[in-house]
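What follows is the content of start.cif, which has mmCIF, C-alpha atoms:
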data_model
#
loop_
_atom_site.group_PDB
_atom_site.id
_atom_site.type_symbol
_atom_site.label_atom_id
_atom_site.label_comp_id
_atom_site.auth_asym_id
_atom_site.auth_seq_id
_atom_site.Cartn_x
_atom_site.Cartn_y
_atom_site.Cartn_z
ATOM 1 C CA MET A 1 7.908 -6.398 2.288
ATOM 2 C CA LYS A 2 9.959 -5.764 -0.852
ATOM 3 C CA ILE A 3 9.964 -9.492 -1.623
ATOM 4 C CA ILE A 4 6.217 -9.775 -1.007
ATOM 5 C CA GLY A 5 5.629 -6.769 -3.271
ATOM 6 C CA LYS A 6 7.704 -8.319 -6.055
ATOM 7 C CA ILE A 7 5.798 -11.604 -5.759
ATOM 8 C CA ILE A 8 2.410 -9.853 -5.852
ATOM 9 C CA LEU A 9 3.345 -7.861 -8.952
ATOM 10 C CA LYS A 10 4.751 -10.945 -10.676
ATOM 11 C CA LEU A 11 1.607 -12.976 -9.915
ATOM 12 C CA GLY A 12 -0.502 -10.170 -11.378
ATOM 13 C CA GLY A 13 1.700 -9.880 -14.452
ATOM 14 C CA PHE A 14 2.599 -6.273 -13.641
ATOM 15 C CA HIS A 15 5.963 -4.631 -14.201
ATOM 16 C CA LEU A 16 7.117 -1.841 -11.931
ATOM 17 C CA GLN A 17 8.526 1.106 -13.872
ATOM 18 C CA SER A 18 9.793 3.474 -11.225
ATOM 19 C CA SER A 19 12.678 5.689 -10.348
ATOM 20 C CA PHE A 20 13.097 6.267 -6.638
ATOM 21 C CA SER A 21 13.661 9.584 -4.913
ATOM 22 C CA GLU A 22 14.262 10.091 -1.173
ATOM 23 C CA GLN A 23 11.546 12.762 -1.332
ATOM 24 C CA MET A 24 8.988 9.996 -1.935
ATOM 25 C CA LYS A 25 9.441 8.901 1.671
ATOM 26 C CA ASN A 26 7.844 12.142 2.857
ATOM 27 C CA ALA A 27 5.347 13.310 0.257
ATOM 28 C CA VAL A 28 1.808 13.181 -1.017
ATOM 29 C CA ILE A 29 1.432 10.494 -3.658
ATOM 30 C CA ILE A 30 -1.667 10.410 -5.813
ATOM 31 C CA GLU A 31 -2.616 7.233 -7.595
ATOM 32 C CA ALA A 32 -4.839 7.064 -10.636
ATOM 33 C CA PRO A 33 -6.783 5.691 -12.245
ATOM 34 C CA HIS A 34 -8.807 4.243 -9.397
ATOM 35 C CA THR A 35 -11.584 2.129 -10.926
ATOM 36 C CA SER A 36 -11.095 -1.180 -9.092
ATOM 37 C CA MET A 37 -10.162 -2.471 -5.650
ATOM 38 C CA TRP A 38 -7.245 -4.196 -7.415
ATOM 39 C CA ASP A 39 -5.638 -0.771 -7.861
ATOM 40 C CA PHE A 40 -4.825 -0.820 -4.147
ATOM 41 C CA VAL A 41 -3.133 -4.228 -4.417
ATOM 42 C CA TRP A 42 -0.839 -3.293 -7.326
ATOM 43 C CA GLY A 43 -0.119 0.179 -5.951
ATOM 44 C CA ARG A 44 0.683 -1.088 -2.460
ATOM 45 C CA ALA A 45 2.929 -3.832 -3.872
ATOM 46 C CA GLY A 46 4.837 -1.297 -5.977
ATOM 47 C CA LEU A 47 5.415 0.990 -3.000
ATOM 48 C CA TRP A 48 6.662 -1.968 -0.929
ATOM 49 C CA VAL A 49 9.196 -2.779 -3.653
ATOM 50 C CA LEU A 50 10.394 0.834 -3.577
ATOM 51 C CA GLY A 51 10.632 0.790 0.221
ATOM 52 C CA ILE A 52 8.134 3.622 0.679
ATOM 53 C CA LYS A 53 6.140 3.469 3.917
ATOM 54 C CA CYS A 54 2.882 4.930 2.741
ATOM 55 C CA HIS A 55 -0.271 5.717 4.658
ATOM 56 C CA PHE A 56 -3.786 5.941 3.282
ATOM 57 C CA LEU A 57 -7.106 7.210 4.570
ATOM 58 C CA ILE A 58 -10.016 4.873 5.198
ATOM 59 C CA LYS A 59 -13.364 5.266 6.928
ATOM 60 C CA LYS A 60 -13.168 4.589 10.657
ATOM 61 C CA GLU A 61 -16.098 2.156 10.491
ATOM 62 C CA LEU A 62 -13.731 -0.474 9.080
ATOM 63 C CA PHE A 63 -11.523 -0.361 12.179
ATOM 64 C CA PHE A 64 -13.019 -3.253 14.119
ATOM 65 C CA PHE A 65 -11.341 -6.361 15.501
ATOM 66 C CA PRO A 66 -9.451 -8.091 13.865
ATOM 67 C CA LEU A 67 -9.501 -5.989 10.673
ATOM 68 C CA ASN A 68 -8.145 -2.954 12.550
ATOM 69 C CA PHE A 69 -4.771 -4.673 13.085
ATOM 70 C CA ILE A 70 -4.469 -5.563 9.404
ATOM 71 C CA LEU A 71 -5.450 -2.067 8.264
ATOM 72 C CA ARG A 72 -3.013 -0.341 10.623
ATOM 73 C CA GLY A 73 -0.260 -2.740 9.499
ATOM 74 C CA LEU A 74 -0.921 -1.719 5.904
ATOM 75 C CA GLY A 75 -0.666 1.966 6.847
ATOM 76 C CA ALA A 76 -4.345 2.895 7.141
ATOM 77 C CA VAL A 77 -5.335 6.047 8.979
ATOM 78 C CA PRO A 78 -8.970 6.076 10.207
ATOM 79 C CA VAL A 79 -11.170 8.978 9.103
ATOM 80 C CA ASN A 80 -14.336 10.075 10.870
ATOM 81 C CA ARG A 81 -16.307 11.242 7.852
ATOM 82 C CA GLY A 82 -19.137 12.657 9.984
ATOM 83 C CA LYS A 83 -17.038 15.256 11.837
ATOM 84 C CA ASP A 84 -15.518 18.513 10.744
ATOM 85 C CA GLY A 85 -12.396 17.504 8.829
ATOM 86 C CA LYS A 86 -10.255 20.545 9.691
ATOM 87 C CA GLY A 87 -8.711 19.003 12.808
ATOM 88 C CA PHE A 88 -8.077 15.778 10.948
ATOM 89 C CA PHE A 89 -6.350 17.510 8.034
ATOM 90 C CA ASP A 90 -4.293 19.590 10.467
ATOM 91 C CA GLU A 91 -3.101 16.323 12.034
ATOM 92 C CA ILE A 92 -2.186 14.817 8.628
ATOM 93 C CA ILE A 93 -0.280 17.992 7.720
ATOM 94 C CA HIS A 94 1.514 17.820 11.078
ATOM 95 C CA GLN A 95 2.485 14.170 10.403
ATOM 96 C CA LEU A 96 3.875 15.062 6.973
ATOM 97 C CA ARG A 97 5.862 17.966 8.381
ATOM 98 C CA SER A 98 7.206 16.269 11.496
ATOM 99 C CA LYS A 99 8.009 12.706 10.393
ATOM 100 C CA LYS A 100 10.819 11.782 8.027
ATOM 101 C CA ASN A 101 9.204 8.576 6.766
ATOM 102 C CA PHE A 102 5.524 9.446 6.385
ATOM 103 C CA SER A 103 3.996 9.559 2.921
ATOM 104 C CA LEU A 104 0.309 9.766 2.212
ATOM 105 C CA ILE A 105 -1.218 8.091 -0.826
ATOM 106 C CA LEU A 106 -4.571 9.361 -2.026
ATOM 107 C CA THR A 107 -6.892 8.602 -4.901
ATOM 108 C CA PRO A 108 -8.134 12.049 -5.909
ATOM 109 C CA GLU A 109 -11.067 10.620 -7.819
ATOM 110 C CA GLY A 110 -12.541 9.806 -4.406
ATOM 111 C CA THR A 111 -14.509 6.872 -5.801
ATOM 112 C CA ARG A 112 -14.122 3.946 -8.176
ATOM 113 C CA LYS A 113 -17.025 5.308 -10.250
ATOM 114 C CA ALA A 114 -16.555 7.820 -13.051
ATOM 115 C CA ASN A 115 -15.758 11.218 -11.535
ATOM 116 C CA PRO A 116 -14.390 14.032 -13.710
ATOM 117 C CA ASN A 117 -14.364 16.353 -10.659
ATOM 118 C CA TRP A 118 -11.365 15.174 -8.681
ATOM 119 C CA LYS A 119 -11.201 16.093 -5.020
ATOM 120 C CA LYS A 120 -8.629 18.792 -4.233
ATOM 121 C CA GLY A 121 -7.665 17.750 -0.703
ATOM 122 C CA TYR A 122 -4.442 16.071 -1.855
ATOM 123 C CA TYR A 123 -3.291 19.368 -3.346
ATOM 124 C CA PHE A 124 -4.005 21.472 -0.292
ATOM 125 C CA ILE A 125 -2.464 18.907 2.064
ATOM 126 C CA ALA A 126 0.729 18.944 -0.028
ATOM 127 C CA GLN A 127 0.719 22.730 -0.298
ATOM 128 C CA GLN A 128 0.164 23.345 3.425
ATOM 129 C CA SER A 129 2.688 20.711 4.500
ATOM 130 C CA GLU A 130 5.176 22.022 1.904
ATOM 131 C CA LYS A 131 5.622 18.559 0.391
ATOM 132 C CA PRO A 132 5.766 17.492 -3.248
ATOM 133 C CA ILE A 133 3.060 15.544 -5.038
ATOM 134 C CA PHE A 134 4.205 12.428 -6.877
ATOM 135 C CA LEU A 135 2.046 10.953 -9.632
ATOM 136 C CA ALA A 136 1.641 7.173 -9.358
ATOM 137 C CA TRP A 137 -0.162 5.144 -11.984
ATOM 138 C CA ILE A 138 -1.480 1.702 -12.839
ATOM 139 C CA ASP A 139 -1.878 0.942 -16.543
ATOM 140 C CA TYR A 140 -3.844 -2.254 -17.093
ATOM 141 C CA LYS A 141 -3.373 -2.359 -20.874
ATOM 142 C CA LYS A 142 0.422 -2.139 -20.631
ATOM 143 C CA LYS A 143 0.488 -4.064 -17.289
ATOM 144 C CA THR A 144 2.732 -1.435 -15.738
ATOM 145 C CA CYS A 145 2.597 0.578 -12.568
ATOM 146 C CA GLY A 146 4.916 2.977 -10.891
ATOM 147 C CA VAL A 147 5.871 6.350 -9.575
ATOM 148 C CA ASN A 148 8.831 8.337 -10.879
ATOM 149 C CA LYS A 149 10.906 11.134 -9.457
ATOM 150 C CA GLU A 150 10.420 12.968 -12.765
ATOM 151 C CA ASN A 151 6.645 13.039 -12.226
ATOM 152 C CA MET A 152 6.675 15.349 -9.264
ATOM 153 C CA ILE A 153 4.604 18.479 -8.822
ATOM 154 C CA ILE A 154 5.546 21.189 -6.352
ATOM 155 C CA PRO A 155 2.256 22.962 -5.577
ATOM 156 C CA SER A 156 2.545 26.496 -6.959
ATOM 157 C CA GLY A 157 -0.635 27.763 -5.342
ATOM 158 C CA ASN A 158 -2.336 27.872 -8.741
ATOM 159 C CA TYR A 159 -4.426 24.693 -8.581
ATOM 160 C CA ASN A 160 -5.806 24.942 -12.125
ATOM 161 C CA GLU A 161 -2.365 25.338 -13.677
ATOM 162 C CA ASP A 162 -0.899 22.469 -11.632
ATOM 163 C CA PHE A 163 -3.919 20.255 -12.338
ATOM 164 C CA GLU A 164 -3.394 20.690 -16.086
ATOM 165 C CA LYS A 165 0.037 19.067 -15.654
ATOM 166 C CA ILE A 166 -1.593 16.232 -13.714
ATOM 167 C CA ARG A 167 -4.337 15.819 -16.340
ATOM 168 C CA GLU A 168 -1.709 15.714 -19.106
ATOM 169 C CA PHE A 169 0.207 12.977 -17.268
ATOM 170 C CA TYR A 170 -2.817 10.713 -16.691
ATOM 171 C CA LYS A 171 -4.667 11.202 -19.976
ATOM 172 C CA ASN A 172 -3.044 8.165 -21.677
ATOM 173 C CA ILE A 173 -3.115 5.780 -18.696
ATOM 174 C CA ASN A 174 -5.430 2.785 -19.180
ATOM 175 C CA ALA A 175 -7.754 1.994 -16.269
ATOM 176 C CA LYS A 176 -9.045 -1.475 -15.439
ATOM 177 C CA HIS A 177 -12.528 -0.124 -16.224
ATOM 178 C CA PRO A 178 -11.817 2.642 -18.785
ATOM 179 C CA GLN A 179 -15.420 3.897 -18.864
ATOM 180 C CA GLN A 180 -15.044 4.814 -15.180
ATOM 181 C CA PHE A 181 -11.887 6.930 -15.573
ATOM 182 C CA LYS A 182 -12.611 10.555 -16.346
ATOM 183 C CA ILE A 183 -10.002 13.261 -16.219
#
Do you think you could lay out the structure here as structure tokens?
Amino acid sequence: MKIIGKIILKLGGFHLQSSFSEQMKNAVIIEAPHTSMWDFVWGRAGLWVLGIKCHFLIKKELFFFPLNFILRGLGAVPVNRGKDGKGFFDEIIHQLRSKKNFSLILTPEGTRKANPNWKKGYYFIAQQSEKPIFLAWIDYKKKTCGVNKENMIIPSGNYNEDFEKIREFYKNINAKHPQQFKI
């Protein structure tokens, strides 16, 4: 998968600027900005190059034959959006705590449309599973993407204070559709 990831990034003209940490193999990784479906392609390719087996959440309605095999192969975890999410989040937290090679990548914007009110689930999942949050990015203007060990947040329990660090990190990242990236 590393070779495939390198080829995908090269075809897209992107350069991976990352520094690897073993902690990335068992963490919550947030990726922003998320304004295009292409963000998934570049982000997934970068994680393949780094050797990080990452899982992501996707609505269960997309898990039909034959797409379900492709999605599971890419690391998708089906979500039943109509049910109470507590049991689901407990299961994700259990996976993060019990597996050595289980990372979860989330887009806290929750949509590709402009959303200045990021969802907080990523933070509480990381806090309750006692895992770090790594900040991944895709910068379309500079044609770079990556995740660095230096850009790690250990949830302190003070969401607002920790989110200010996250906001500071992402404020100069250039989205594919800049008008849709609000932080």
So that I can see what lies close to A:Val49, please list as an MDAnalysis selection string the residues with an atom at most 12 Å from it, counting all atoms listed in the file and leaving out residues fewer than 3 positions away in the same chain. chainID A and resid 1:10 15:20 42:46 52:54 145:147
Check what the PyMOL selection byres ((chain A and resi 122-127) around 8) selects in the file above and give those residues as a VMD selection string. chain A and resid 27 to 28 30 89 92 to 93 106 108 119 to 121 128 to 133 154 to 157 159
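Of the residues under consideration (A:Thr111, A:Gln23, A:Asn151, A:Ser36), A:Asn151 shows the shortest atom-to-atom contact distance to A:Glu168 when counting only C-alpha atoms.
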Correct to one decimal, the distance atom CA of A:Trp38-atom CA of A:Asn26 is 24.5 Å
Which protein, DNA or RNA residues are at most 8 Å from (-10.8, 8.9, -15.9) in the file's coordinates when you count all atoms listed in the file, listed as a ChimeraX atom specification? /A:33,114-116,171,175,178-183
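Between atom CA of A:Lys141 and atom CA of A:His177 there is a distance of 10.5 Å.
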Compare A:Leu104, A:Glu150, A:Leu71, A:Arg167 by their minimum atom-to-atom distance to A:Asn117, counting only C-alpha atoms, and give me the closest one. A:Arg167
Could you list as a PyMOL selection string every residue that has an atom within 12 Å of (-1.7, -6.7, -21.2), using the file's coordinates and counting only C-alpha atoms? chain A and resi 12-15+138-144+174-176
Could you spell out the hits of the PyMOL selection byres ((chain A and resi 59-68) around 10) on the shown file, as an MDAnalysis selection string? chainID A and resid 57:58 69:74 76:82
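Take atom CA of A:Ser103 and atom CA of A:Asn158: the distance between them is 22.6 Å.
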Padding 8 Å on each side, edges along x, y and z: where is the centre of the box around the listed atoms of stretch 17-32 of chain A, and how long are its edges in Å to one decimal? Output it as lines of an AutoDock Vina configuration file.
center_x = 4.7
center_y = 7.2
center_z = -5.5
size_x = 35.1
size_y = 28.2
size_z = 32.7
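Distance annotation: of A:Gly110, A:Ser98, A:Phe134, A:Tyr170, the residue with the minimal separation from A:Ile153 is A:Phe134; atom set is all atoms listed in the file.
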Determine the nearest neighbour of A:Ile29 from the options A:Arg97, A:Gly75, A:Ile173, A:Trp137, counting all atoms listed in the file. A:Trp137
